[in-house]
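*Asks:* Structure: model18.pdb, PDB, C-alpha atoms and all ligand atoms.
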```pdb
ATOM      1  CA  MET I 503     -49.651 -41.499 -17.236  1.00  0.00           C
ATOM      2  CA  GLU I 504     -51.072 -38.084 -16.967  1.00  0.00           C
ATOM      3  CA  HIS I 505     -50.112 -38.158 -13.337  1.00  0.00           C
ATOM      4  CA  ASP I 506     -46.476 -38.886 -14.202  1.00  0.00           C
ATOM      5  CA  VAL I 507     -46.256 -36.027 -16.619  1.00  0.00           C
ATOM      6  CA  GLN I 508     -47.563 -33.732 -13.966  1.00  0.00           C
ATOM      7  CA  LYS I 509     -45.065 -35.075 -11.455  1.00  0.00           C
ATOM      8  CA  GLU I 510     -42.255 -34.557 -13.893  1.00  0.00           C
ATOM      9  CA  ALA I 511     -43.385 -31.040 -14.546  1.00  0.00           C
ATOM     10  CA  ILE I 512     -43.397 -30.342 -10.838  1.00  0.00           C
ATOM     11  CA  ASN I 513     -39.907 -31.799 -10.561  1.00  0.00           C
ATOM     12  CA  THR I 514     -38.635 -29.593 -13.326  1.00  0.00           C
ATOM     13  CA  TRP I 515     -40.232 -26.616 -11.709  1.00  0.00           C
ATOM     14  CA  VAL I 516     -38.629 -27.400  -8.370  1.00  0.00           C
ATOM     15  CA  ASN I 517     -35.230 -27.959  -9.955  1.00  0.00           C
ATOM     16  CA  LYS I 518     -35.437 -24.831 -11.999  1.00  0.00           C
ATOM     17  CA  ASN I 519     -36.472 -22.924  -8.947  1.00  0.00           C
ATOM     18  CA  GLU I 520     -33.554 -24.290  -6.923  1.00  0.00           C
ATOM     19  CA  LEU I 521     -31.149 -23.466  -9.706  1.00  0.00           C
ATOM     20  CA  GLU I 522     -32.463 -19.943 -10.012  1.00  0.00           C
ATOM     21  CA  LYS I 523     -32.268 -19.495  -6.285  1.00  0.00           C
ATOM     22  CA  ALA I 524     -28.663 -20.700  -6.248  1.00  0.00           C
ATOM     23  CA  LEU I 525     -27.803 -18.459  -9.171  1.00  0.00           C
ATOM     24  CA  SER I 526     -29.373 -15.389  -7.675  1.00  0.00           C
ATOM     25  CA  ILE I 527     -27.539 -16.014  -4.395  1.00  0.00           C
ATOM     26  CA  GLY I 528     -24.295 -16.362  -6.308  1.00  0.00           C
ATOM     27  CA  ILE I 529     -24.948 -13.210  -8.259  1.00  0.00           C
ATOM     28  CA  HIS I 530     -25.877 -11.224  -5.212  1.00  0.00           C
ATOM     29  CA  ARG I 531     -23.211 -12.576  -2.951  1.00  0.00           C
ATOM     30  CA  ALA I 532     -20.277 -11.732  -5.208  1.00  0.00           C
ATOM     31  CA  PRO I 533     -20.774  -7.943  -5.271  1.00  0.00           C
ATOM     32  CA  GLU I 534     -21.548  -8.021  -1.558  1.00  0.00           C
ATOM     33  CA  PHE I 535     -18.264  -9.801  -0.905  1.00  0.00           C
ATOM     34  CA  LYS I 536     -16.363  -7.427  -3.194  1.00  0.00           C
ATOM     35  CA  HIS I 537     -17.929  -4.470  -1.445  1.00  0.00           C
ATOM     36  CA  GLU I 538     -16.726  -5.778   1.943  1.00  0.00           C
ATOM     37  CA  GLU I 539     -13.282  -6.463   0.507  1.00  0.00           C
ATOM     38  CA  LYS I 540     -12.945  -2.899  -0.754  1.00  0.00           C
ATOM     39  CA  LYS I 541     -13.365  -1.515   2.761  1.00  0.00           C
ATOM     40  CA  HIS I 542     -10.005  -3.067   3.644  1.00  0.00           C
ATOM     41  CA  TYR I 543      -8.188  -1.552   0.654  1.00  0.00           C
ATOM     42  CA  LEU I 544      -9.254   2.099   0.820  1.00  0.00           C
ATOM     43  CA  GLY I 545     -12.094   1.526  -1.626  1.00  0.00           C
ATOM     44  CA  GLU I 546     -10.144  -0.511  -4.176  1.00  0.00           C
ATOM     45  CA  PHE I 547     -10.418  -4.164  -5.194  1.00  0.00           C
ATOM     46  CA  ARG I 548      -7.671  -6.282  -3.636  1.00  0.00           C
ATOM     47  CA  GLU I 549      -6.681  -7.521  -7.110  1.00  0.00           C
ATOM     48  CA  ARG I 550      -5.731  -3.958  -8.115  1.00  0.00           C
ATOM     49  CA  VAL I 551      -3.339  -3.315  -5.231  1.00  0.00           C
ATOM     50  CA  ILE I 552       0.391  -3.318  -6.033  1.00  0.00           C
ATOM     51  CA  ARG I 553       1.753  -2.279  -2.620  1.00  0.00           C
ATOM     52  CA  LEU I 554       0.279  -1.498   0.778  1.00  0.00           C
ATOM     53  CA  LEU I 555       1.547   0.327   3.868  1.00  0.00           C
ATOM     54  CA  THR I 556      -0.115   0.208   7.274  1.00  0.00           C
ATOM     55  CA  LYS I 557      -1.131   3.445   9.015  1.00  0.00           C
ATOM     56  CA  LYS I 558       1.797   2.952  11.382  1.00  0.00           C
ATOM     57  CA  GLN I 559       4.245   2.674   8.487  1.00  0.00           C
ATOM     58  CA  VAL I 560       2.928   5.866   6.867  1.00  0.00           C
ATOM     59  CA  MET I 561       3.432   7.696  10.177  1.00  0.00           C
ATOM     60  CA  GLU I 562       7.158   6.873  10.276  1.00  0.00           C
ATOM     61  CA  PRO I 563       9.466   9.774   9.302  1.00  0.00           C
ATOM     62  CA  ALA I 564      11.120   7.737   6.526  1.00  0.00           C
ATOM     63  CA  ILE I 565       9.605   7.090   3.120  1.00  0.00           C
ATOM     64  CA  TYR I 566       9.351   3.405   2.320  1.00  0.00           C
ATOM     65  CA  PRO I 567      11.482   2.820  -0.810  1.00  0.00           C
ATOM     66  CA  GLU I 568       9.073   0.011  -1.733  1.00  0.00           C
ATOM     67  CA  ILE I 569       6.445   2.676  -2.443  1.00  0.00           C
ATOM     68  CA  ALA I 570       8.795   4.579  -4.742  1.00  0.00           C
ATOM     69  CA  GLU I 571       9.457   1.262  -6.500  1.00  0.00           C
ATOM     70  CA  ALA I 572       5.735   0.527  -6.802  1.00  0.00           C
ATOM     71  CA  LEU I 573       5.062   3.970  -8.281  1.00  0.00           C
ATOM     72  CA  LYS I 574       7.630   3.221 -10.986  1.00  0.00           C
ATOM     73  CA  ASP I 575       5.595   0.156 -11.961  1.00  0.00           C
ATOM     74  CA  ARG I 576       3.949   0.735 -15.362  1.00  0.00           C
ATOM     75  CA  ARG I 577       0.668  -0.654 -14.022  1.00  0.00           C
ATOM     76  CA  ALA I 578       0.575   1.817 -11.127  1.00  0.00           C
ATOM     77  CA  VAL I 579      -1.855   4.654 -11.824  1.00  0.00           C
ATOM     78  CA  LYS I 580      -2.713   5.979  -8.396  1.00  0.00           C
ATOM     79  CA  MET I 581      -1.857   6.259  -4.748  1.00  0.00           C
ATOM     80  CA  ILE I 582      -4.631   6.330  -2.170  1.00  0.00           C
ATOM     81  CA  ILE I 583      -4.023   7.407   1.409  1.00  0.00           C
ATOM     82  CA  ASN I 584      -6.231   6.869   4.434  1.00  0.00           C
ATOM     83  CA  GLY I 585      -7.605  10.218   5.636  1.00  0.00           C
ATOM     84  CA  ASP I 586      -7.370   9.029   9.249  1.00  0.00           C
ATOM     85  CA  ILE I 587      -3.675   9.827   9.168  1.00  0.00           C
ATOM     86  CA  ASP I 588      -2.428  13.299  10.098  1.00  0.00           C
ATOM     87  CA  TYR I 589      -1.442  15.191   6.953  1.00  0.00           C
ATOM     88  CA  ARG I 590       2.070  15.966   8.218  1.00  0.00           C
ATOM     89  CA  PHE I 591       2.866  12.246   7.800  1.00  0.00           C
ATOM     90  CA  VAL I 592       1.042  12.003   4.479  1.00  0.00           C
ATOM     91  CA  LYS I 593       2.731  14.971   2.772  1.00  0.00           C
ATOM     92  CA  LYS I 594       5.967  13.128   1.938  1.00  0.00           C
ATOM     93  CA  TYR I 595       4.059  10.495  -0.022  1.00  0.00           C
ATOM     94  CA  VAL I 596       1.891  13.047  -1.845  1.00  0.00           C
ATOM     95  CA  LYS I 597       5.117  14.775  -2.948  1.00  0.00           C
ATOM     96  CA  LEU I 598       6.658  11.474  -3.992  1.00  0.00           C
ATOM     97  CA  ALA I 599       3.656  10.552  -6.154  1.00  0.00           C
ATOM     98  CA  GLN I 600       3.713  14.014  -7.707  1.00  0.00           C
ATOM     99  CA  LYS I 601       7.401  13.655  -8.520  1.00  0.00           C
ATOM    100  CA  MET I 602       6.726  10.343 -10.229  1.00  0.00           C
ATOM    101  CA  GLY I 603       3.767  11.619 -12.204  1.00  0.00           C
ATOM    102  CA  LYS I 604       1.103   9.561 -10.433  1.00  0.00           C
ATOM    103  CA  THR I 605      -2.074  10.854  -8.848  1.00  0.00           C
ATOM    104  CA  SER I 606      -2.540  10.711  -5.102  1.00  0.00           C
ATOM    105  CA  THR I 607      -5.818  10.996  -3.225  1.00  0.00           C
ATOM    106  CA  VAL I 608      -6.511  11.235   0.475  1.00  0.00           C
ATOM    107  CA  ILE I 609      -9.850   9.611   1.290  1.00  0.00           C
ATOM    108  CA  HIS I 610     -11.793  10.058   4.513  1.00  0.00           C
ATOM    109  CA  ASP I 611     -14.259   7.217   4.974  1.00  0.00           C
ATOM    110  CA  PRO I 612     -15.450   5.988   8.370  1.00  0.00           C
ATOM    111  CA  GLY I 613     -16.487   2.756   6.606  1.00  0.00           C
ATOM    112  CA  PHE I 614     -12.858   1.756   5.977  1.00  0.00           C
ATOM    113  CA  LYS I 615     -11.725  -1.272   7.960  1.00  0.00           C
ATOM    114  CA  GLY I 616      -8.365  -2.562   9.112  1.00  0.00           C
ATOM    115  CA  GLU I 617      -4.960  -0.918   9.327  1.00  0.00           C
ATOM    116  CA  THR I 618      -4.394   0.036   5.686  1.00  0.00           C
ATOM    117  CA  GLY I 619      -2.729   3.438   5.512  1.00  0.00           C
ATOM    118  CA  LEU I 620      -1.694   3.741   1.885  1.00  0.00           C
ATOM    119  CA  ILE I 621      -1.954   1.781  -1.327  1.00  0.00           C
ATOM    120  CA  VAL I 622      -0.476   2.025  -4.789  1.00  0.00           C
ATOM    121  CA  ALA I 623      -2.961   0.588  -7.271  1.00  0.00           C
ATOM    122  CA  GLY I 624      -3.631  -0.041 -10.911  1.00  0.00           C
ATOM    123  CA  ASP I 625      -6.784   0.597 -12.914  1.00  0.00           C
ATOM    124  CA  GLY I 626      -7.328  -3.101 -13.515  1.00  0.00           C
ATOM    125  CA  ALA I 627      -6.371  -6.388 -11.887  1.00  0.00           C
ATOM    126  CA  VAL I 628      -2.636  -6.740 -11.268  1.00  0.00           C
ATOM    127  CA  ASP I 629      -2.905  -9.780  -8.983  1.00  0.00           C
ATOM    128  CA  VAL I 630       0.209  -9.075  -6.927  1.00  0.00           C
ATOM    129  CA  GLN I 631       0.424 -11.830  -4.325  1.00  0.00           C
ATOM    130  CA  ASN I 632       2.469 -10.154  -1.641  1.00  0.00           C
ATOM    131  CA  ILE I 633       1.389  -6.538  -1.275  1.00  0.00           C
ATOM    132  CA  ASP I 634       2.621  -6.046   2.304  1.00  0.00           C
ATOM    133  CA  VAL I 635       5.845  -4.157   2.966  1.00  0.00           C
ATOM    134  CA  PRO I 636       8.184  -5.448   5.705  1.00  0.00           C
ATOM    135  CA  ASP I 637       8.984  -3.185   8.648  1.00  0.00           C
ATOM    136  CA  ARG I 638      11.790  -0.821   7.629  1.00  0.00           C
ATOM    137  CA  GLU I 639      13.718  -0.853  10.885  1.00  0.00           C
ATOM    138  CA  THR I 640      13.747  -4.656  11.134  1.00  0.00           C
ATOM    139  CA  ARG I 641      14.815  -4.998   7.517  1.00  0.00           C
ATOM    140  CA  LEU I 642      17.654  -2.458   7.765  1.00  0.00           C
ATOM    141  CA  LYS I 643      18.888  -3.875  11.081  1.00  0.00           C
ATOM    142  CA  LYS I 644      19.203  -7.260   9.419  1.00  0.00           C
ATOM    143  CA  LEU I 645      21.331  -5.569   6.751  1.00  0.00           C
ATOM    144  CA  GLY I 646      23.657  -4.349   9.497  1.00  0.00           C
ATOM    145  CA  VAL I 647      22.579  -0.679   9.606  1.00  0.00           C
ATOM    146  CA  SER I 648      22.894   0.951  13.043  1.00  0.00           C
ATOM    147  CA  PRO I 649      19.715   2.181  14.774  1.00  0.00           C
ATOM    148  CA  ALA I 650      21.144   5.728  14.861  1.00  0.00           C
ATOM    149  CA  LEU I 651      21.509   5.716  11.089  1.00  0.00           C
ATOM    150  CA  ILE I 652      18.082   4.109  10.570  1.00  0.00           C
ATOM    151  CA  HIS I 653      16.523   6.867  12.661  1.00  0.00           C
ATOM    152  CA  SER I 654      18.361   9.642  10.829  1.00  0.00           C
ATOM    153  CA  ALA I 655      15.982   9.373   7.872  1.00  0.00           C
ATOM    154  CA  GLY I 656      15.068  12.810   6.591  1.00  0.00           C
ATOM    155  CA  LYS I 657      18.225  14.298   8.074  1.00  0.00           C
ATOM    156  CA  LYS I 658      21.739  15.139   6.922  1.00  0.00           C
ATOM    157  CA  VAL I 659      24.511  12.621   7.379  1.00  0.00           C
ATOM    158  CA  CYS I 660      28.267  12.438   6.723  1.00  0.00           C
ATOM    159  CA  GLU I 661      29.652  10.748   3.640  1.00  0.00           C
ATOM    160  CA  ARG I 662      30.664   7.625   5.536  1.00  0.00           C
ATOM    161  CA  CYS I 663      27.140   7.125   6.917  1.00  0.00           C
ATOM    162  CA  TYR I 664      25.551   7.975   3.564  1.00  0.00           C
ATOM    163  CA  LYS I 665      27.666   5.339   1.837  1.00  0.00           C
ATOM    164  CA  LYS I 666      26.777   2.826   4.527  1.00  0.00           C
ATOM    165  CA  ILE I 667      23.016   3.216   4.089  1.00  0.00           C
ATOM    166  CA  ILE I 668      23.165   3.338   0.282  1.00  0.00           C
ATOM    167  CA  HIS I 669      25.295   0.227   0.286  1.00  0.00           C
ATOM    168  CA  ALA I 670      22.712  -1.564   2.442  1.00  0.00           C
ATOM    169  CA  ASP I 671      19.813  -0.385   0.267  1.00  0.00           C
ATOM    170  CA  PRO I 672      20.213   2.005  -2.705  1.00  0.00           C
ATOM    171  CA  GLY I 673      16.486   2.771  -2.475  1.00  0.00           C
ATOM    172  CA  GLU I 674      17.109   4.537   0.847  1.00  0.00           C
ATOM    173  CA  ALA I 675      18.755   7.439  -1.030  1.00  0.00           C
ATOM    174  CA  ILE I 676      15.355   9.197  -0.933  1.00  0.00           C
ATOM    175  CA  ASN I 677      15.612   9.373   2.863  1.00  0.00           C
ATOM    176  CA  TYR I 678      19.060  10.914   3.355  1.00  0.00           C
ATOM    177  CA  GLN I 679      20.939  14.060   2.483  1.00  0.00           C
ATOM    178  CA  LEU I 680      24.685  14.542   2.445  1.00  0.00           C
ATOM    179  CA  LEU I 681      26.197  17.177   4.739  1.00  0.00           C
ATOM    180  CA  THR I 682      27.791  19.866   2.603  1.00  0.00           C
ATOM    181  CA  LEU I 683      30.972  21.775   3.377  1.00  0.00           C
ATOM    182  CA  ALA I 684      28.849  24.839   4.098  1.00  0.00           C
ATOM    183  CA  ASP I 685      26.735  22.821   6.547  1.00  0.00           C
ATOM    184  CA  ARG I 686      29.898  21.779   8.357  1.00  0.00           C
ATOM    185  CA  PHE I 687      31.160  25.342   8.334  1.00  0.00           C
ATOM    186  CA  TRP I 688      27.967  26.441  10.089  1.00  0.00           C
ATOM    187  CA  GLY I 689      28.431  23.748  12.684  1.00  0.00           C
ATOM    188  CA  GLU I 690      26.018  21.084  11.459  1.00  0.00           C
ATOM    189  CA  ARG I 691      27.006  17.540  12.338  1.00  0.00           C
ATOM    190  CA  CYS I 692      26.084  14.094  11.041  1.00  0.00           C
ATOM    191  CA  SER I 693      22.975  13.027  12.879  1.00  0.00           C
ATOM    192  CA  ALA I 694      23.979   9.367  12.823  1.00  0.00           C
ATOM    193  CA  CYS I 695      27.541   9.569  14.143  1.00  0.00           C
TER     194      CYS I 695
HETATM  195 ZN    ZN I 701      27.996   9.976  10.084  1.00  0.00          ZN
END
```
Could the structure of this file be written out as C-alpha cells, please?
Ligand SMILES: [Zn+2]
*Replies:*
Amino acid sequence: MEHDVQKEAINTWVNKNELEKALSIGIHRAPEFKHEEKKHYLGEFRERVIRLLTKKQVMEPAIYPEIAEALKDRRAVKMIINGDIDYRFVKKYVKLAQKMGKTSTVIHDPGFKGETGLIVAGDGAVDVQNIDVPDRETRLKKLGVSPALIHSAGKKVCERCYKKIIHADPGEAINYQLLTLADRFWGERCSAC
C-alpha cells in the first residue's frame, strides 16, 4: 500500500513535470516566433500591418494609390520604410504620410528579412488578410491604360490622357499633373502622347 502511494506520487511528479515542461516551451516559443515574424514586417507584428509594398514597388517612380488609401484608414497610425532603399525613392511616401497626418519612420536594420519595403500599420491588431499590393503596371494594363501613360507617372499629361488614367483609377490622380496653357506656351508636351 505504501508502495502504491509512492508510485502515485512519482507519477504525479512526472506528469506535473511534463506539463510544466510543455508550458514553458509554449511560453518561450511564442515570443521567439513573434520575434522572427517581426523581422519580415520592418519590426512590426504581422497582425498590425494594413498594407505592404515590396522594396521594388517603393523604388518605382509612381506612388501606389493603395498606400494613400491605407493611410486614410482610421486604424493606420504609422508608415515604416526599409532603410535599405535609397532616399530619393522614399521621399514621395514620406511626403504623402505627412500630408495625411501620419508619422513615417525610415528604419535601418540589418536583421530585417525578406523583400518588405514599406508598411502602413496600426498600433494594435488589425488582422487584414491580404496586405500585399498588386503590381501597378500589370493592374493598369488590365484596365486598358497604355504603357506610355503608365510610365508617365510624376509627369505632366494632356487633358485627354489625364481623363483616361483617372477614369481607369481615380486613385492615380496623385501621380499625374495636367499640362497648363502656360506649359504649352513654353513648348511642354504631354509625356504620354
Ligand atoms: Zn496626352
*Asks:* What are the closest atom pairs, with distances in Å to one decimal, for all residues of chain I lying within 8 Å of ligand ZN 701 (chain I)? Consider all atoms listed in the file, order rows by chain and residue number, and present the result as CSV.
*Replies:*
```
residue,atom,partner,partner_atom,distance
I:Leu651,CA,I:ZN701,ZN,7.8
I:Val659,CA,I:ZN701,ZN,5.1
I:Cys660,CA,I:ZN701,ZN,4.2
I:Glu661,CA,I:ZN701,ZN,6.7
I:Arg662,CA,I:ZN701,ZN,5.8
I:Cys663,CA,I:ZN701,ZN,4.3
I:Tyr664,CA,I:ZN701,ZN,7.2
I:Arg691,CA,I:ZN701,ZN,8.0
I:Cys692,CA,I:ZN701,ZN,4.6
I:Ser693,CA,I:ZN701,ZN,6.5
I:Ala694,CA,I:ZN701,ZN,4.9
I:Cys695,CA,I:ZN701,ZN,4.1
```
*Asks:* Please, what distance in Å, to one decimal, runs between CA of Glu538 (chain I) and CA of Asn632 (chain I)?
*Replies:*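 Computing it gives 20.0 Å between the two atoms.
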*Asks:* So how many Å separate CA of Ile633 (chain I) and CA of Asp586 (chain I), to one decimal?
*Replies:*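 These two atoms are separated by 20.7 Å.
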*Asks:* What separation in Å, quoted to one decimal, exists between CA of Tyr595 (chain I) and CA of Ile565 (chain I)?
*Replies:*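 Going from CA of Tyr595 (chain I) over to CA of Ile565 (chain I), I get 7.2 Å.
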*Asks:* Expand the PyMOL selection byres (((chain I and resi 561) around 9) and not hetatm) into the explicit residue set it covers here, and present it as a ChimeraX atom specification.
*Replies:* /I:556-560,562-564,587-588,590-592,619
*Asks:* With all atoms listed in the file as the counted atoms, please give the residues lying no more than 12 Å from Gln600 (chain I), apart from itself and same-chain residues fewer than 3 positions off, as a CSV table (one decimal) with C-alpha atoms, in the frame of the given file.
*Replies:*
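See part.csv below for the written result:
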```csv
chain,number,residue,atom,x,y,z
I,570,ALA,CA,8.8,4.6,-4.7
I,573,LEU,CA,5.1,4.0,-8.3
I,574,LYS,CA,7.6,3.2,-11.0
I,579,VAL,CA,-1.9,4.7,-11.8
I,580,LYS,CA,-2.7,6.0,-8.4
I,581,MET,CA,-1.9,6.3,-4.7
I,593,LYS,CA,2.7,15.0,2.8
I,594,LYS,CA,6.0,13.1,1.9
I,595,TYR,CA,4.1,10.5,0.0
I,596,VAL,CA,1.9,13.0,-1.8
I,597,LYS,CA,5.1,14.8,-2.9
I,603,GLY,CA,3.8,11.6,-12.2
I,604,LYS,CA,1.1,9.6,-10.4
I,605,THR,CA,-2.1,10.9,-8.8
I,606,SER,CA,-2.5,10.7,-5.1
I,607,THR,CA,-5.8,11.0,-3.2
```
*Asks:* I would like the residues chosen by the PyMOL selection byres (((chain I and resi 585) around 7) and not hetatm) on the shown file; could you give them as a VMD selection string?
*Replies:* chain I and resid 583 to 584 586 to 587 608 to 610
*Asks:* Could you check the closest approach to Asp611 (chain I) for each of I:Leu544, I:Ala572, I:Ala578, I:Leu598 and tell me which residue wins, using all atoms listed in the file?
*Replies:*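 Smallest separation from Asp611 (chain I) among the options: I:Leu544.
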*Asks:* Applied to the shown file, which residues does the PyMOL selection byres (((chain I and resi 671-676) around 9) and not hetatm) return, written as a PDB file with C-alpha atoms, keeping the file's coordinate frame?
*Replies:*
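And here's part-v4.pdb as it stands now:
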```pdb
ATOM      1  CA  ALA I 564      11.120   7.737   6.526  1.00  0.00           C
ATOM      2  CA  ILE I 565       9.605   7.090   3.120  1.00  0.00           C
ATOM      3  CA  TYR I 566       9.351   3.405   2.320  1.00  0.00           C
ATOM      4  CA  PRO I 567      11.482   2.820  -0.810  1.00  0.00           C
ATOM      5  CA  GLU I 568       9.073   0.011  -1.733  1.00  0.00           C
ATOM      6  CA  ALA I 570       8.795   4.579  -4.742  1.00  0.00           C
ATOM      7  CA  GLU I 571       9.457   1.262  -6.500  1.00  0.00           C
ATOM      8  CA  LEU I 642      17.654  -2.458   7.765  1.00  0.00           C
ATOM      9  CA  LEU I 645      21.331  -5.569   6.751  1.00  0.00           C
ATOM     10  CA  ALA I 655      15.982   9.373   7.872  1.00  0.00           C
ATOM     11  CA  GLY I 656      15.068  12.810   6.591  1.00  0.00           C
ATOM     12  CA  TYR I 664      25.551   7.975   3.564  1.00  0.00           C
ATOM     13  CA  LYS I 666      26.777   2.826   4.527  1.00  0.00           C
ATOM     14  CA  ILE I 667      23.016   3.216   4.089  1.00  0.00           C
ATOM     15  CA  ILE I 668      23.165   3.338   0.282  1.00  0.00           C
ATOM     16  CA  HIS I 669      25.295   0.227   0.286  1.00  0.00           C
ATOM     17  CA  ALA I 670      22.712  -1.564   2.442  1.00  0.00           C
ATOM     18  CA  ASN I 677      15.612   9.373   2.863  1.00  0.00           C
ATOM     19  CA  TYR I 678      19.060  10.914   3.355  1.00  0.00           C
ATOM     20  CA  GLN I 679      20.939  14.060   2.483  1.00  0.00           C
TER      21      GLN I 679
END
```
*Asks:* Using all atoms listed in the file, pick whichever of I:Lys657, I:Pro612, I:Tyr589, I:Arg577 has the shortest atom-to-atom distance to His542 (chain I).
*Replies:*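 Of I:Lys657, I:Pro612, I:Tyr589, I:Arg577, the one nearest His542 (chain I), counting all atoms listed in the file, is I:Pro612.
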*Asks:* Using the structure just given, write a file holding N, CA and C atoms for region 543-564 of chain I, as a short mmCIF file (atom, residue, chain, number, x, y, z; two decimals), in the first residue's frame.
*Replies:*
```cif
data_model
loop_
_atom_site.label_atom_id
_atom_site.label_comp_id
_atom_site.auth_asym_id
_atom_site.auth_seq_id
_atom_site.Cartn_x
_atom_site.Cartn_y
_atom_site.Cartn_z
N TYR I 543 8.43 42.16 -41.18
CA TYR I 543 7.50 43.29 -41.29
C TYR I 543 8.08 44.56 -40.68
N LEU I 544 9.36 44.79 -40.94
CA LEU I 544 10.04 46.01 -40.51
C LEU I 544 9.86 46.27 -39.01
N GLY I 545 9.88 45.21 -38.23
CA GLY I 545 9.82 45.34 -36.79
C GLY I 545 8.43 45.35 -36.18
N GLU I 546 7.42 45.17 -37.03
CA GLU I 546 6.04 45.16 -36.54
C GLU I 546 5.46 43.75 -36.52
N PHE I 547 4.43 43.53 -35.72
CA PHE I 547 3.71 42.26 -35.76
C PHE I 547 2.89 42.20 -37.05
N ARG I 548 2.83 41.04 -37.66
CA ARG I 548 2.07 40.87 -38.90
C ARG I 548 0.62 41.33 -38.72
N GLU I 549 0.05 41.04 -37.56
CA GLU I 549 -1.36 41.36 -37.29
C GLU I 549 -1.65 42.87 -37.29
N ARG I 550 -0.59 43.68 -37.22
CA ARG I 550 -0.78 45.14 -37.20
C ARG I 550 -0.68 45.77 -38.57
N VAL I 551 -0.24 44.99 -39.56
CA VAL I 551 0.02 45.55 -40.89
C VAL I 551 -1.28 45.70 -41.69
N ILE I 552 -1.48 46.89 -42.26
CA ILE I 552 -2.66 47.17 -43.07
C ILE I 552 -2.33 46.98 -44.55
N ARG I 553 -1.18 47.52 -44.98
CA ARG I 553 -0.73 47.37 -46.36
C ARG I 553 0.78 47.25 -46.41
N LEU I 554 1.26 46.56 -47.43
CA LEU I 554 2.71 46.34 -47.57
C LEU I 554 3.15 46.51 -49.01
N LEU I 555 4.26 47.22 -49.22
CA LEU I 555 4.88 47.30 -50.55
C LEU I 555 6.22 46.60 -50.49
N THR I 556 6.63 46.00 -51.59
CA THR I 556 7.97 45.41 -51.65
C THR I 556 8.97 46.55 -51.90
N LYS I 557 10.26 46.24 -51.72
CA LYS I 557 11.30 47.25 -51.99
C LYS I 557 11.19 47.72 -53.44
N LYS I 558 10.97 46.75 -54.33
CA LYS I 558 10.89 47.05 -55.76
C LYS I 558 9.73 48.03 -56.03
N GLN I 559 8.62 47.82 -55.38
CA GLN I 559 7.46 48.70 -55.59
C GLN I 559 7.74 50.12 -55.09
N VAL I 560 8.45 50.22 -53.97
CA VAL I 560 8.78 51.55 -53.43
C VAL I 560 9.70 52.30 -54.40
N MET I 561 10.56 51.55 -55.10
CA MET I 561 11.53 52.16 -55.99
C MET I 561 10.95 52.60 -57.34
N GLU I 562 9.66 52.30 -57.58
CA GLU I 562 9.03 52.76 -58.81
C GLU I 562 8.76 54.26 -58.69
N PRO I 563 8.75 54.99 -59.84
CA PRO I 563 8.52 56.44 -59.75
C PRO I 563 7.12 56.79 -59.23
N ALA I 564 6.13 55.94 -59.54
CA ALA I 564 4.75 56.24 -59.13
C ALA I 564 4.51 55.90 -57.67
#
```
